[in-house]
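Raw contents of model-v9.cif, mmCIF, C-alpha atoms:
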```cif
data_data
#
loop_
_atom_site.group_PDB
_atom_site.id
_atom_site.type_symbol
_atom_site.label_atom_id
_atom_site.label_comp_id
_atom_site.auth_asym_id
_atom_site.auth_seq_id
_atom_site.Cartn_x
_atom_site.Cartn_y
_atom_site.Cartn_z
ATOM 1 C CA MET A 124 0.000 0.000 0.000
ATOM 2 C CA LYS A 125 1.723 3.154 -1.167
ATOM 3 C CA SER A 126 0.586 5.988 1.032
ATOM 4 C CA ASN A 127 1.766 9.386 2.168
ATOM 5 C CA ASP A 128 -0.757 9.636 4.992
ATOM 6 C CA THR A 129 0.625 11.519 7.949
ATOM 7 C CA ILE A 130 0.639 9.628 11.230
ATOM 8 C CA ASN A 131 -0.573 12.009 13.879
ATOM 9 C CA SER A 132 -2.251 11.975 17.247
ATOM 10 C CA LEU A 133 -5.721 12.404 15.772
ATOM 11 C CA SER A 134 -5.574 9.629 13.184
ATOM 12 C CA ILE A 135 -2.679 7.278 13.754
ATOM 13 C CA ILE A 136 -3.937 4.620 11.346
ATOM 14 C CA PRO A 137 -4.475 5.869 7.769
ATOM 15 C CA GLU A 138 -7.921 5.024 6.418
ATOM 16 C CA GLU A 139 -6.434 3.143 3.473
ATOM 17 C CA LEU A 140 -4.615 0.884 5.921
ATOM 18 C CA ARG A 141 -7.847 0.248 7.831
ATOM 19 C CA LEU A 142 -9.416 -1.070 4.628
ATOM 20 C CA GLU A 143 -6.417 -3.329 4.016
ATOM 21 C CA LEU A 144 -6.646 -4.684 7.563
ATOM 22 C CA ARG A 145 -10.373 -5.340 7.182
ATOM 23 C CA ARG A 146 -9.683 -7.477 4.133
ATOM 24 C CA LEU A 147 -6.920 -9.253 6.018
ATOM 25 C CA VAL A 148 -8.910 -10.208 9.131
ATOM 26 C CA ASN A 149 -11.985 -11.097 7.042
ATOM 27 C CA VAL A 150 -14.615 -11.327 9.789
ATOM 28 C CA GLU A 151 -18.310 -10.543 10.051
ATOM 29 C CA TYR A 152 -18.294 -7.312 12.011
ATOM 30 C CA ASP A 153 -21.353 -5.866 13.721
ATOM 31 C CA ASN A 154 -22.217 -3.764 16.760
ATOM 32 C CA VAL A 155 -21.991 -6.711 19.141
ATOM 33 C CA VAL A 156 -18.487 -7.630 17.972
ATOM 34 C CA ASN A 157 -17.501 -3.962 18.124
ATOM 35 C CA ASP A 158 -18.739 -3.457 21.672
ATOM 36 C CA MET A 159 -17.348 -6.763 22.950
ATOM 37 C CA LEU A 160 -13.906 -6.014 21.535
ATOM 38 C CA ALA A 161 -13.944 -2.495 22.952
ATOM 39 C CA TYR A 162 -15.053 -3.672 26.392
ATOM 40 C CA ILE A 163 -12.616 -6.587 26.705
ATOM 41 C CA ILE A 164 -9.676 -4.572 25.342
ATOM 42 C CA THR A 165 -10.401 -1.863 27.902
ATOM 43 C CA ARG A 166 -11.082 -4.150 30.872
ATOM 44 C CA GLY A 167 -8.677 -6.986 30.117
ATOM 45 C CA LEU A 168 -9.338 -10.586 31.131
ATOM 46 C CA VAL A 169 -13.052 -10.847 31.923
ATOM 47 C CA THR A 170 -15.976 -13.281 32.067
ATOM 48 C CA LEU A 171 -18.751 -13.212 29.495
ATOM 49 C CA TYR A 172 -21.200 -12.699 32.336
ATOM 50 C CA ARG A 173 -19.440 -9.437 33.179
ATOM 51 C CA VAL A 174 -19.488 -8.409 29.516
ATOM 52 C CA SER A 175 -23.252 -9.003 29.431
ATOM 53 C CA ARG A 176 -23.811 -7.062 32.656
ATOM 54 C CA GLU A 177 -21.982 -3.987 31.391
ATOM 55 C CA THR A 178 -23.089 -3.938 27.744
ATOM 56 C CA PRO A 179 -26.621 -3.656 26.275
ATOM 57 C CA TYR A 180 -26.724 -7.309 25.175
ATOM 58 C CA SER A 181 -28.303 -10.391 26.714
ATOM 59 C CA ILE A 182 -26.140 -13.175 28.066
ATOM 60 C CA SER A 183 -27.330 -15.486 25.275
ATOM 61 C CA SER A 184 -26.309 -12.949 22.618
ATOM 62 C CA ILE A 185 -22.908 -12.514 24.246
ATOM 63 C CA TYR A 186 -22.279 -16.267 24.444
ATOM 64 C CA LYS A 187 -23.375 -16.795 20.849
ATOM 65 C CA LYS A 188 -21.137 -14.017 19.578
ATOM 66 C CA ALA A 189 -18.255 -15.177 21.769
ATOM 67 C CA ARG A 190 -18.373 -18.608 20.109
ATOM 68 C CA TYR A 191 -18.020 -16.923 16.730
ATOM 69 C CA MET A 192 -15.205 -14.683 17.955
ATOM 70 C CA VAL A 193 -13.273 -17.587 19.481
ATOM 71 C CA LYS A 194 -13.724 -19.640 16.300
ATOM 72 C CA ASN A 195 -12.337 -16.728 14.270
ATOM 73 C CA ASN A 196 -9.492 -16.091 16.721
ATOM 74 C CA LEU A 197 -10.679 -12.690 17.927
ATOM 75 C CA LEU A 198 -11.013 -13.884 21.521
ATOM 76 C CA THR A 199 -9.319 -16.634 23.463
ATOM 77 C CA PRO A 200 -10.654 -18.303 26.639
ATOM 78 C CA ARG A 201 -8.446 -18.670 29.700
ATOM 79 C CA GLU A 202 -8.876 -20.984 32.651
ATOM 80 C CA SER A 203 -9.712 -19.157 35.846
ATOM 81 C CA ASN A 204 -7.808 -21.494 38.211
ATOM 82 C CA GLY A 205 -11.011 -22.537 39.923
ATOM 83 C CA ARG A 206 -11.650 -19.110 41.403
ATOM 84 C CA LEU A 207 -14.786 -18.676 39.330
ATOM 85 C CA ASN A 208 -16.178 -22.205 39.684
ATOM 86 C CA GLY A 209 -14.676 -23.445 36.447
ATOM 87 C CA LYS A 210 -15.872 -20.522 34.332
ATOM 88 C CA HIS A 211 -13.662 -19.197 31.582
ATOM 89 C CA MET A 212 -12.344 -15.691 31.304
ATOM 90 C CA TYR A 213 -11.731 -14.141 27.905
ATOM 91 C CA GLU A 214 -9.117 -11.867 26.423
ATOM 92 C CA VAL A 215 -8.674 -10.299 23.016
ATOM 93 C CA THR A 216 -6.098 -11.856 20.684
ATOM 94 C CA VAL A 217 -3.661 -9.933 18.495
ATOM 95 C CA LYS A 218 -6.041 -10.530 15.595
ATOM 96 C CA GLY A 219 -8.781 -9.050 17.765
ATOM 97 C CA LEU A 220 -6.678 -5.953 18.424
ATOM 98 C CA ILE A 221 -5.959 -5.564 14.713
ATOM 99 C CA THR A 222 -9.666 -6.017 13.957
ATOM 100 C CA CYS A 223 -10.427 -3.231 16.418
ATOM 101 C CA LEU A 224 -7.907 -1.003 14.626
ATOM 102 C CA ALA A 225 -9.437 -1.919 11.275
ATOM 103 C CA TYR A 226 -12.913 -0.854 12.401
ATOM 104 C CA LYS A 227 -11.798 1.723 15.003
ATOM 105 C CA CYS A 228 -13.689 0.234 17.934
ATOM 106 C CA LEU A 229 -11.507 2.385 20.235
ATOM 107 C CA ASP A 230 -9.073 5.264 19.788
ATOM 108 C CA ASP A 231 -6.000 4.132 17.876
ATOM 109 C CA ASP A 232 -3.524 5.063 20.596
ATOM 110 C CA VAL A 233 -5.333 2.876 23.138
ATOM 111 C CA VAL A 234 -5.278 -0.194 20.898
ATOM 112 C CA LEU A 235 -1.728 0.382 19.670
ATOM 113 C CA SER A 236 -0.533 0.624 23.262
ATOM 114 C CA LYS A 237 -2.143 -2.756 23.984
ATOM 115 C CA LEU A 238 -0.586 -4.183 20.824
ATOM 116 C CA LYS A 239 2.868 -2.945 21.826
ATOM 117 C CA VAL A 240 2.556 -4.776 25.135
ATOM 118 C CA ARG A 241 1.262 -7.969 23.499
ATOM 119 C CA TRP A 242 4.087 -7.925 20.957
ATOM 120 C CA ASN A 243 6.710 -6.974 23.548
ATOM 121 C CA LEU A 244 7.494 -3.795 21.602
ATOM 122 C CA LYS A 245 6.968 -1.373 24.474
ATOM 123 C CA ASN A 246 10.132 0.586 23.625
ATOM 124 C CA TYR A 247 9.192 1.030 19.957
ATOM 125 C CA ASP A 248 7.446 4.200 18.807
ATOM 126 C CA MET A 249 4.041 4.267 17.114
ATOM 127 C CA HIS A 250 5.551 4.979 13.688
ATOM 128 C CA ARG A 251 7.431 1.674 13.728
ATOM 129 C CA LEU A 252 4.323 -0.161 14.878
ATOM 130 C CA VAL A 253 2.233 1.343 12.077
ATOM 131 C CA SER A 254 4.949 0.374 9.582
ATOM 132 C CA ILE A 255 4.667 -3.245 10.728
ATOM 133 C CA LEU A 256 0.887 -3.086 10.385
ATOM 134 C CA THR A 257 1.296 -1.651 6.884
ATOM 135 C CA VAL A 258 3.178 -4.716 5.633
ATOM 136 C CA LEU A 259 0.909 -7.282 7.323
ATOM 137 C CA PRO A 260 -1.463 -7.663 4.339
ATOM 138 C CA TYR A 261 1.540 -8.583 2.179
ATOM 139 C CA ILE A 262 3.257 -11.043 4.525
ATOM 140 C CA ALA A 263 0.235 -12.829 5.994
ATOM 141 C CA SER A 264 -3.053 -14.201 4.740
ATOM 142 C CA ASN A 265 -6.333 -14.976 6.450
ATOM 143 C CA ASP A 266 -5.573 -18.692 6.677
ATOM 144 C CA ASN A 267 -2.294 -18.188 8.586
ATOM 145 C CA LEU A 268 -3.090 -15.220 10.822
ATOM 146 C CA ARG A 269 -1.975 -17.109 13.918
ATOM 147 C CA VAL A 270 1.506 -15.929 12.941
ATOM 148 C CA LEU A 271 0.379 -12.562 14.335
ATOM 149 C CA GLU A 272 0.182 -13.972 17.851
ATOM 150 C CA ASN A 273 3.931 -14.722 18.032
ATOM 151 C CA ILE A 274 6.083 -11.647 17.496
ATOM 152 C CA ASP A 275 9.267 -13.693 16.950
ATOM 153 C CA THR A 276 7.651 -15.603 14.094
ATOM 154 C CA LEU A 277 6.095 -12.434 12.712
ATOM 155 C CA MET A 278 9.419 -10.573 12.626
ATOM 156 C CA ILE A 279 11.171 -13.497 10.937
ATOM 157 C CA THR A 280 8.344 -13.753 8.398
ATOM 158 C CA ALA A 281 8.406 -10.015 7.717
ATOM 159 C CA LEU A 282 12.168 -9.874 7.204
ATOM 160 C CA SER A 283 12.211 -12.988 5.032
ATOM 161 C CA THR A 284 9.360 -11.744 2.837
ATOM 162 C CA LEU A 285 10.836 -8.278 2.343
ATOM 163 C CA ILE A 286 14.280 -9.652 1.498
ATOM 164 C CA ASN A 287 13.146 -12.475 -0.783
ATOM 165 C CA ASN A 288 10.487 -10.519 -2.690
ATOM 166 C CA PRO A 289 11.943 -7.007 -2.960
ATOM 167 C CA THR A 290 10.608 -6.154 -6.425
ATOM 168 C CA MET A 291 7.048 -7.266 -5.774
ATOM 169 C CA ILE A 292 6.876 -5.643 -2.338
ATOM 170 C CA SER A 293 8.371 -2.337 -3.527
ATOM 171 C CA LYS A 294 5.549 -1.985 -6.050
ATOM 172 C CA LEU A 295 2.988 -2.183 -3.253
ATOM 173 C CA ILE A 296 4.635 -0.422 -0.305
ATOM 174 C CA ASP A 297 6.746 2.731 -0.194
ATOM 175 C CA GLU A 298 10.487 2.261 0.252
ATOM 176 C CA ARG A 299 10.597 4.176 3.526
ATOM 177 C CA THR A 300 8.148 1.758 5.139
ATOM 178 C CA ILE A 301 10.017 -1.260 3.773
ATOM 179 C CA THR A 302 13.324 0.023 5.160
ATOM 180 C CA ASN A 303 11.691 0.853 8.479
ATOM 181 C CA VAL A 304 10.253 -2.658 8.858
ATOM 182 C CA LYS A 305 13.517 -4.316 7.787
ATOM 183 C CA ASN A 306 15.481 -2.319 10.334
ATOM 184 C CA THR A 307 12.903 -2.886 13.054
ATOM 185 C CA SER A 308 12.749 -6.632 12.459
ATOM 186 C CA ILE A 309 16.545 -6.967 12.352
ATOM 187 C CA TYR A 310 16.914 -4.950 15.542
ATOM 188 C CA TYR A 311 14.221 -6.997 17.269
ATOM 189 C CA LEU A 312 15.606 -10.358 16.169
ATOM 190 C CA ILE A 313 19.151 -9.466 17.191
ATOM 191 C CA ASN A 314 18.132 -8.203 20.612
ATOM 192 C CA ASN A 315 15.371 -10.651 21.470
ATOM 193 C CA VAL A 316 15.945 -13.857 19.537
ATOM 194 C CA ILE A 317 19.506 -14.391 18.315
ATOM 195 C CA ASN A 318 21.251 -12.908 21.354
ATOM 196 C CA GLY A 319 18.883 -14.822 23.595
ATOM 197 C CA ILE A 320 19.975 -18.068 21.976
ATOM 198 C CA SER A 321 23.697 -17.329 21.756
ATOM 199 C CA ASN A 322 24.043 -15.393 25.051
ATOM 200 C CA ASN A 323 26.357 -12.909 23.351
ATOM 201 C CA ARG A 324 26.842 -9.336 24.486
ATOM 202 C CA LYS A 325 24.899 -6.940 22.304
ATOM 203 C CA PRO A 326 27.027 -5.396 19.530
ATOM 204 C CA ASP A 327 27.621 -1.658 19.300
ATOM 205 C CA ILE A 328 26.399 -1.505 15.700
ATOM 206 C CA ILE A 329 24.553 -3.945 13.467
ATOM 207 C CA LEU A 330 25.540 -4.017 9.799
ATOM 208 C CA GLY A 331 23.880 -5.871 6.994
ATOM 209 C CA ASN A 332 22.308 -6.243 3.597
ATOM 210 C CA ASN A 333 20.610 -9.089 1.738
ATOM 211 C CA SER A 334 23.765 -11.235 1.940
ATOM 212 C CA PHE A 335 24.981 -10.811 5.498
ATOM 213 C CA LEU A 336 24.111 -9.653 8.989
ATOM 214 C CA VAL A 337 26.871 -8.909 11.504
ATOM 215 C CA GLY A 338 27.403 -7.185 14.820
ATOM 216 C CA TYR A 339 30.386 -4.861 15.264
ATOM 217 C CA TYR A 340 32.203 -4.476 18.605
ATOM 218 C CA LYS A 341 34.142 -1.214 18.820
ATOM 219 C CA ASN A 342 36.374 -2.068 21.779
ATOM 220 C CA ASN A 343 38.220 -4.932 20.070
ATOM 221 C CA ARG A 344 37.282 -4.192 16.447
ATOM 222 C CA SER A 345 35.726 -7.603 16.003
ATOM 223 C CA LEU A 346 32.662 -8.828 14.160
ATOM 224 C CA TYR A 347 30.098 -11.379 15.210
ATOM 225 C CA VAL A 348 28.638 -12.984 12.097
ATOM 226 C CA TYR A 349 24.990 -13.865 12.552
ATOM 227 C CA ILE A 350 24.763 -15.044 8.970
ATOM 228 C CA CYS A 351 26.843 -14.492 5.829
ATOM 229 C CA ARG A 352 26.241 -15.816 2.319
ATOM 230 C CA LEU A 353 29.048 -14.007 0.501
ATOM 231 C CA CYS A 354 31.063 -17.172 -0.105
ATOM 232 C CA GLU A 355 30.729 -20.943 -0.015
ATOM 233 C CA LYS A 356 31.529 -21.085 3.716
ATOM 234 C CA ASN A 357 28.080 -19.676 4.631
ATOM 235 C CA CYS A 358 29.279 -18.605 8.082
ATOM 236 C CA VAL A 359 26.752 -18.584 10.914
ATOM 237 C CA LEU A 360 27.225 -17.399 14.522
ATOM 238 C CA ALA A 361 30.993 -16.900 14.370
ATOM 239 C CA TYR A 362 33.513 -14.259 15.472
ATOM 240 C CA ILE A 363 36.000 -12.761 12.993
ATOM 241 C CA THR A 364 38.413 -9.827 13.141
ATOM 242 C CA CYS A 365 38.039 -6.717 11.012
ATOM 243 C CA ASN A 366 41.369 -7.119 9.201
ATOM 244 C CA ASN A 367 41.326 -8.815 5.821
ATOM 245 C CA ASP A 368 44.486 -10.902 6.151
ATOM 246 C CA HIS A 369 42.522 -14.062 5.403
ATOM 247 C CA GLY A 370 40.860 -12.688 2.253
ATOM 248 C CA CYS A 371 37.358 -12.811 3.724
ATOM 249 C CA PRO A 372 34.810 -11.323 1.280
ATOM 250 C CA LEU A 373 32.776 -10.041 4.226
ATOM 251 C CA THR A 374 35.497 -7.688 5.458
ATOM 252 C CA THR A 375 35.968 -6.511 1.868
ATOM 253 C CA GLU A 376 32.257 -5.830 1.593
ATOM 254 C CA LEU A 377 32.232 -3.946 4.882
ATOM 255 C CA SER A 378 34.837 -1.537 3.561
ATOM 256 C CA LYS A 379 32.281 -0.211 1.082
ATOM 257 C CA ASP A 380 30.029 2.718 1.861
ATOM 258 C CA VAL A 381 26.833 0.912 0.920
ATOM 259 C CA LEU A 382 25.710 -0.527 4.252
ATOM 260 C CA ASN A 383 22.393 -0.481 6.034
ATOM 261 C CA ILE A 384 23.202 0.494 9.600
ATOM 262 C CA VAL A 385 20.664 -0.281 12.306
ATOM 263 C CA ARG A 386 21.349 1.585 15.507
#
```

Represent the supplied structure as structure tokens.
Amino acid sequence: MKSNDTINSLSIIPEELRLELRRLVNVEYDNVVNDMLAYIITRGLVTLYRVSRETPYSISSIYKKARYMVKNNLLTPRESNGRLNGKHMYEVTVKGLITCLAYKCLDDDVVLSKLKVRWNLKNYDMHRLVSILTVLPYIASNDNLRVLENIDTLMITALSTLINNPTMISKLIDERTITNVKNTSIYYLINNVINGISNNRKPDIILGNNSFLVGYYKNNRSLYVYICRLCEKNCVLAYITCNNDHGCPLTTELSKDVLNIVR
């Protein structure tokens, strides 16, 4: 979706993006769904009885609609640990939050704040979050929307799609958004996934393009190679020095001034 809509405090989600998200979630949306999403997003984990008590709908209508919303992954039931006599409590899924954004069941900033918490992106600004939402219709489809519930999987999917289909994606989304999502996904994966697995100290700078991704450590001028496909060695998770005594194509490539730097 190529768009120059300005993200501001009054309308964070561009209307064109709302339409794209509606097509993506592909649900039957009515006043009951709207009010249930708004109530549960605002209140958090809650019983359907409580939803019925504090909305204009009968308990039978709420239960009937809840079955539809659970089936379509807008709500998910949680066990109540016996405190409510075996009754379930319900919370909104990531798909439910995105559906609310698509139909504006609440103010955008409220829902985006909830989404940031659910995706563990609390330190990311709204612009980056909207960029991720912008690419969702092009990296996910209605039959695999459960990928939205796991931010690690979503970031890997986003980065892989943008790198492997650059021509197709660039025709649909503006380059600034593509770059923003690439950088965000790389930063997230390095800090939350790869470093978590390897237990390495975070690098000072991350450098990369479609062929390699490395972390640079200023104090000892060393590189940690997350992945490199510049030669037949296909290095993964390895330390190398910055000198080029061994004829490494990576260090040659890094000497060029054509790097994407993610701070």

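As for CA of Tyr213 (chain A) and CA of Arg201 (chain A), they are spaced 5.9 Å apart.
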
(message) Here's the selection I'm unsure about, the PyMOL selection byres ((chain A and resi 260) around 9); applied to the file above, which residues does it give, as JSON, numbers by chain?
(response) {"A": [124, 143, 144, 146, 147, 256, 257, 258, 259, 261, 262, 263, 264]}

(message) Just checking: using only C-alpha atoms, which residue out of A:Val155, A:Val150, A:Ala361, A:Met249 ends up closest to Ser183 (chain A)?
(response)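 Answer, going by the shortest atom-to-atom distance: A:Val155.
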
(request) Can you pull out every residue within 7 Å of Asn265 (chain A), counting all atoms listed in the file, but drop anything in the same chain fewer than 3 positions away, and send it as an NGL selection string? (result) :A and (147-149 or 268)

(request) Considering all atoms listed in the file, state which residue in the set A:Asn157, A:Asn332, A:Asn343, A:Thr300 is at the smallest distance from Lys227 (chain A). (result)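 Under the stated criterion, the closest residue is A:Asn157.
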
(message) Can you spell out as an NGL selection string the set of residues that the PyMOL selection byres ((chain A and resi 348) around 7) selects in the structure I just provided?
(response) :A and (336-338 or 346-347 or 349-351 or 358-362)

Pull C-alpha atoms from the residues just selected and write them as a compact mmCIF listing (two decimals), keeping the file's coordinate frame.
```txt
# COMPACT_ATOMS: atom_id res chain seq x y z
CA LEU A 336 24.11 -9.65 8.99
CA VAL A 337 26.87 -8.91 11.50
CA GLY A 338 27.40 -7.18 14.82
CA LEU A 346 32.66 -8.83 14.16
CA TYR A 347 30.10 -11.38 15.21
CA TYR A 349 24.99 -13.86 12.55
CA ILE A 350 24.76 -15.04 8.97
CA CYS A 351 26.84 -14.49 5.83
CA CYS A 358 29.28 -18.60 8.08
CA VAL A 359 26.75 -18.58 10.91
CA LEU A 360 27.22 -17.40 14.52
CA ALA A 361 30.99 -16.90 14.37
CA TYR A 362 33.51 -14.26 15.47
```

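This file gives the following result for the PyMOL selection byres ((chain A and resi 307) around 9): Tyr247, Arg251, Ile255, Met278, Thr302, Asn303, Val304, Lys305, Asn306, Ser308, Ile309, Tyr310, Tyr311, Leu312 and Val385 of chain A.
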
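In this structure, CA of Ala161 (chain A) sits 5.7 Å away from CA of Cys228 (chain A).
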
Within 9 Å of Leu244 (chain A), counting all atoms listed in the file, which residues qualify if same-chain residues fewer than 5 places away don't, as a PDB file with C-alpha atoms, keeping the file's coordinate frame?
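So the final result, stored in around_34.pdb, reads:
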```pdb
ATOM      1  CA  LEU A 238      -0.586  -4.183  20.824  1.00  0.00           C
ATOM      2  CA  LYS A 239       2.868  -2.945  21.826  1.00  0.00           C
ATOM      3  CA  LEU A 252       4.323  -0.161  14.878  1.00  0.00           C
ATOM      4  CA  ILE A 274       6.083 -11.647  17.496  1.00  0.00           C
ATOM      5  CA  TYR A 311      14.221  -6.997  17.269  1.00  0.00           C
TER       6      TYR A 311
END
```

(request) Figure out the distance between CA of Ile363 (chain A) and CA of Lys341 (chain A), please, to one decimal in Å. (result)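 Between CA of Lys341 (chain A) and CA of Ile363 (chain A) the gap works out to 13.1 Å.
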
(request) Name the residues in contact with Tyr226 (chain A) at a cut-off of 10 Å, using all atoms listed in the file, excluding same-chain residues fewer than 4 positions from it; report them as a list in words. (result)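 Returned residues: Glu138, Arg141, Leu142, Leu144, Arg145, Tyr152, Asp153, Asn157, Ile221 and Thr222 of chain A.
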
May I have the centre and edge lengths, in Å to one decimal, of an axis-aligned box around the listed atoms of region 212-224 of chain A with 6 Å added to every side, as AutoDock Vina command-line options?
```
--center_x -8.0 --center_y -8.3 --center_z 22.6 --size_x 20.7 --size_y 26.7 --size_z 29.3
```

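Residue nearest Lys218 (chain A), chosen from A:Glu298, A:Asp248, A:Asp232, A:Glu272 and counting all atoms listed in the file: A:Glu272.
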
(request) Using only C-alpha atoms, find the one residue out of A:Ile185, A:Tyr172, A:Leu353, A:Ile136 that sits nearest to Asp158 (chain A). (result) A:Ile185

(request) Tell me which protein, DNA and RNA residues are within 10 Å of Leu197 (chain A), counting only C-alpha atoms, leaving out same-chain ones fewer than 6 positions away, and put them as a PyMOL selection string. (result) chain A and resi 148+150+156+160+189-191+214-223

(request) Using all atoms listed in the file, pick whichever of A:Leu224, A:Leu140, A:Ile328, A:Leu277 has the shortest atom-to-atom distance to Tyr340 (chain A). (result)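 Looking at the shortest contact to Tyr340 (chain A), the residue is A:Ile328.
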
(request) For each of A:Asp266, A:Arg166, A:Glu151, A:Ile301, take the minimum atom-to-atom distance to Met192 (chain A), counting all atoms listed in the file, then give the residue where this is smallest. (result) A:Glu151

(message) Residues within 9 Å of Ser236 (chain A), please, as a list of chain:residue names. Count all atoms listed in the file; anything in the same chain fewer than 5 positions from it doesn't count.
(response)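 In the requested format, the answer is A:Asp231, A:Arg241, A:Lys245, A:Met249.
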